[in-house]
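Peer 1: After the C-alpha cells below, expect a handful of questions from me.
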Amino acid sequence: MSAVDEPDDELLARIFLTRVIEPGDEAGGRWVREFGAGEVVRRLQEGGAALPGVSGKRWAGLLARAAVARPRQDLAVARDAGVRFVCPGGPEWPAQLDDLGDARPLGLWVRGRAALRMWALKSVAVVGARACTEYGAHMAATLAAGLAEQGWVVVSGGAYGVDGAAHRGALGAGGATVAVLACGVDRPYPRGHTQLISRIAEQGLVVGELPPGEHPTPSRFVLRNRVIAALTRGTVVVEAAHRSGSLVTARAAQRLGRHTMGVPGPATSALSAGVHELLRGEATLVTDAADVVELVGDIGQLAPDRRGPVLPRDLLEPATRQVLAALPGRGAARPDEIARRAQTAQDDAIARLYELRALGYVERHGDGWKLTRQAVMSVRGAPGPC
C-alpha cells in the first residue's frame, strides 16, 4: 500500500514500527502477525506489560524508541524526498518477500518511479566483495550489462566494489537496477556513491527498510542481505573472501530456495576463496549472463553451446583435414606416405594435396609435399588424439 494524501492507520502503524523494531527482528514480526500492527503500536505507546518473547531490558529500549517515533513526520520527510512507503499486501508489494516469514520487512521505503513488484518479478542479485579486483569489477559490470540487455533487473546493495560495478553495468546498458540500502533511502551510503545512487533513483529504484535519516550499522548491512536474496530469483556472487557479507546473501538465497551462482576466479586469489567454497556446495558456476538466464529464466532459455574459435582448417572437409594432418611438421613427404598416414588411396591424397595447395596450406617440392610456413602453426595447434 503506497502513501496517499491521508494515510491510513495500517500504513502509519507500520511506519511507526520501522522506528522502533530493527530490520529482521523475528519477535517483532511475530507480534505484528499475531496481534496486528495497530495493536503492537498501542501497547508500545501505553508502555504496559512487555509483549511475549522479550526481556524487561529490551522492552524498555523499545519503549524509549516508541516515545520519539513520529510516523506522520517521517512520511512528510519522505514525500519531500520523493520517497513512498510500500506495505505488505499492497499492490506494489513483492509477494516473494513473504517467504521471509516473521523476518519479513514491516514495509519498504522506495525511491524511484518504477513499480517495485513488477521489477522484482524478473530480477537477479549480483553481489560481491567491496575491495574487489579489476577482474571482479569487470565481471560484475559485464554480467549486469548482459542481464540488463536481456530484460532482467539487476539488484545489489549500492556498496563499493562489485555492487557499484553491477549497478553501473546495468545503467550503462540502459537497463534497470535496484539498490537495496541498509540506511534511509534519502541519505545515500556510502557517501562516495551519492551520485551513483541518485542516478539509480532516476533510472531505477532505491529501496530500504529504515525510515528517513537512519544510518547504517554492521548488523543492518547483514540483515539487509536477506531482502536482496528474497527479492530476486537468484543471487550471483562475483568475488568473495571466506568471511564476506555477500556469502550471507548467497546462503539466505539457498535457504529460501532461490538459485545461487558463483563466478570462478584464480585459485590463488583470497577474494575468490569464498566463491569457490560456494561452488563446492550447491551453487552453480556461471561465467556470463546467458548462464545466469538459463538458470533463473523461463524453460527453454538455454545458454549457447561453448565452442573454441573457428579456425580456417575447421572449414575444410574432414577427409581434406585428414590429409593435411598427415603431412610432417618439418620437411617433405611423398604422396604414398601421406596417403598411408591419412588412411586413404594415393590418388585421393594427391587430389586433396592440390586442393590444399590452392588454399595455401601446402607446396610441392619435387616428388614430395610439405606444409607452407603459414600452415605449420595451424597444424601444430590442432588438437591431438586423447
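Following the order of the C-alpha cells, chains are lettered A, B, ..., residues in each are numbered from 1, and ligands are numbered from 1.
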Could you pull out the helix (DSSP H, G or I) residues of range 175-268 of chain A from DSSP and send them as an NGL selection string?

Peer 2: :A and (191-203 or 218-231 or 245-255)

Peer 1: I want to know what sits within 9 Å of Leu12 in chain A, based on only C-alpha atoms, with residues of the same chain fewer than 4 positions away left out; could you give that as an MDAnalysis selection string?

Peer 2: chainID A and resid 7:8 16:17 38 71:72 75

Peer 1: Generate a file of the selected residues that holds all heavy atoms, formatted as a short mmCIF file (atom, residue, chain, number, x, y, z; two decimals), in the first residue's frame.

Peer 2:
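Output below, filename again-v9.cif:
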data_model
loop_
_atom_site.label_atom_id
_atom_site.label_comp_id
_atom_site.auth_asym_id
_atom_site.auth_seq_id
_atom_site.Cartn_x
_atom_site.Cartn_y
_atom_site.Cartn_z
N PRO A 7 -2.96 9.24 4.93
CA PRO A 7 -2.52 7.86 5.16
C PRO A 7 -3.47 7.11 6.09
O PRO A 7 -4.04 7.70 7.01
CB PRO A 7 -1.14 8.03 5.79
CG PRO A 7 -1.17 9.40 6.40
CD PRO A 7 -2.04 10.22 5.51
N ASP A 8 -3.62 5.81 5.83
CA ASP A 8 -4.49 5.02 6.69
C ASP A 8 -3.74 4.56 7.93
O ASP A 8 -2.53 4.71 8.06
CB ASP A 8 -5.11 3.84 5.92
CG ASP A 8 -4.06 2.87 5.40
OD1 ASP A 8 -2.99 2.73 6.02
OD2 ASP A 8 -4.31 2.24 4.36
N PHE A 16 5.51 3.74 12.01
CA PHE A 16 5.88 3.88 13.42
C PHE A 16 6.82 2.76 13.83
O PHE A 16 7.86 2.99 14.47
CB PHE A 16 4.60 3.84 14.27
CG PHE A 16 4.81 3.97 15.75
CD1 PHE A 16 4.61 5.18 16.39
CD2 PHE A 16 5.20 2.87 16.52
CE1 PHE A 16 4.80 5.30 17.77
CE2 PHE A 16 5.40 2.98 17.88
CZ PHE A 16 5.20 4.20 18.51
N LEU A 17 6.48 1.53 13.46
CA LEU A 17 7.27 0.37 13.88
C LEU A 17 8.65 0.34 13.23
O LEU A 17 9.58 -0.25 13.78
CB LEU A 17 6.50 -0.91 13.60
CG LEU A 17 5.25 -1.11 14.45
CD1 LEU A 17 4.48 -2.35 14.00
CD2 LEU A 17 5.62 -1.21 15.94
N GLY A 38 -1.39 -2.29 14.41
CA GLY A 38 -2.02 -1.26 15.24
C GLY A 38 -1.98 -1.60 16.71
O GLY A 38 -1.71 -0.73 17.56
N PRO A 71 5.48 9.02 13.05
CA PRO A 71 5.24 8.47 11.71
C PRO A 71 4.77 9.50 10.68
O PRO A 71 5.18 9.45 9.52
CB PRO A 71 4.18 7.40 11.95
CG PRO A 71 3.55 7.74 13.26
CD PRO A 71 4.63 8.37 14.07
N ARG A 72 3.92 10.44 11.08
CA ARG A 72 3.45 11.46 10.12
C ARG A 72 4.62 12.36 9.68
O ARG A 72 4.70 12.76 8.51
CB ARG A 72 2.33 12.30 10.72
CG ARG A 72 1.02 11.52 10.87
CD ARG A 72 -0.09 12.41 11.39
NE ARG A 72 -1.32 11.65 11.54
CZ ARG A 72 -2.21 11.44 10.56
NH1 ARG A 72 -1.99 11.96 9.36
NH2 ARG A 72 -3.30 10.75 10.78
N LEU A 75 6.72 10.41 7.24
CA LEU A 75 6.05 10.34 5.94
C LEU A 75 6.19 11.65 5.18
O LEU A 75 6.42 11.66 3.96
CB LEU A 75 4.58 9.99 6.16
CG LEU A 75 3.77 9.60 4.92
CD1 LEU A 75 4.42 8.46 4.17
CD2 LEU A 75 2.34 9.24 5.31
#

Peer 1: Kindly provide the residues of range 109-180 of chain A that approach range 201-211 of chain A to within 7 Å, each paired with its closest atom pair and their distance in Å to one decimal, based on only C-alpha atoms, listed by chain and increasing number, as a Markdown table.

Peer 2:
| residue | atom | partner | partner_atom | distance |
| --- | --- | --- | --- | --- |
| A:Trp109 | CA | A:Gly208 | CA | 5.3 |
| A:Val110 | CA | A:Val207 | CA | 4.7 |
| A:Arg111 | CA | A:Val206 | CA | 5.0 |
| A:Gly112 | CA | A:Leu205 | CA | 4.7 |
| A:Ala114 | CA | A:Gly204 | CA | 6.7 |
| A:Ala176 | CA | A:Gly204 | CA | 5.5 |
| A:Thr177 | CA | A:Gly204 | CA | 5.2 |
| A:Val178 | CA | A:Leu205 | CA | 4.7 |
| A:Ala179 | CA | A:Val206 | CA | 4.8 |
| A:Val180 | CA | A:Val207 | CA | 4.8 |

Peer 1: When DSSP is applied to the backbone of this structure, which of range 181-373 of chain A are assigned strand (DSSP E)? Write them out as a PyMOL selection string.

Peer 2: chain A and resi 181+205-208+234-237+259-262+284-285+362-365+368-371

Peer 1: Do you know which residues are at most 12 Å from Arg243 in chain A counting only C-alpha atoms, after dropping those on the same chain fewer than 6 positions away, and could you put them as a PyMOL selection string?

Peer 2: chain A and resi 128-129+222+249+270-275+277
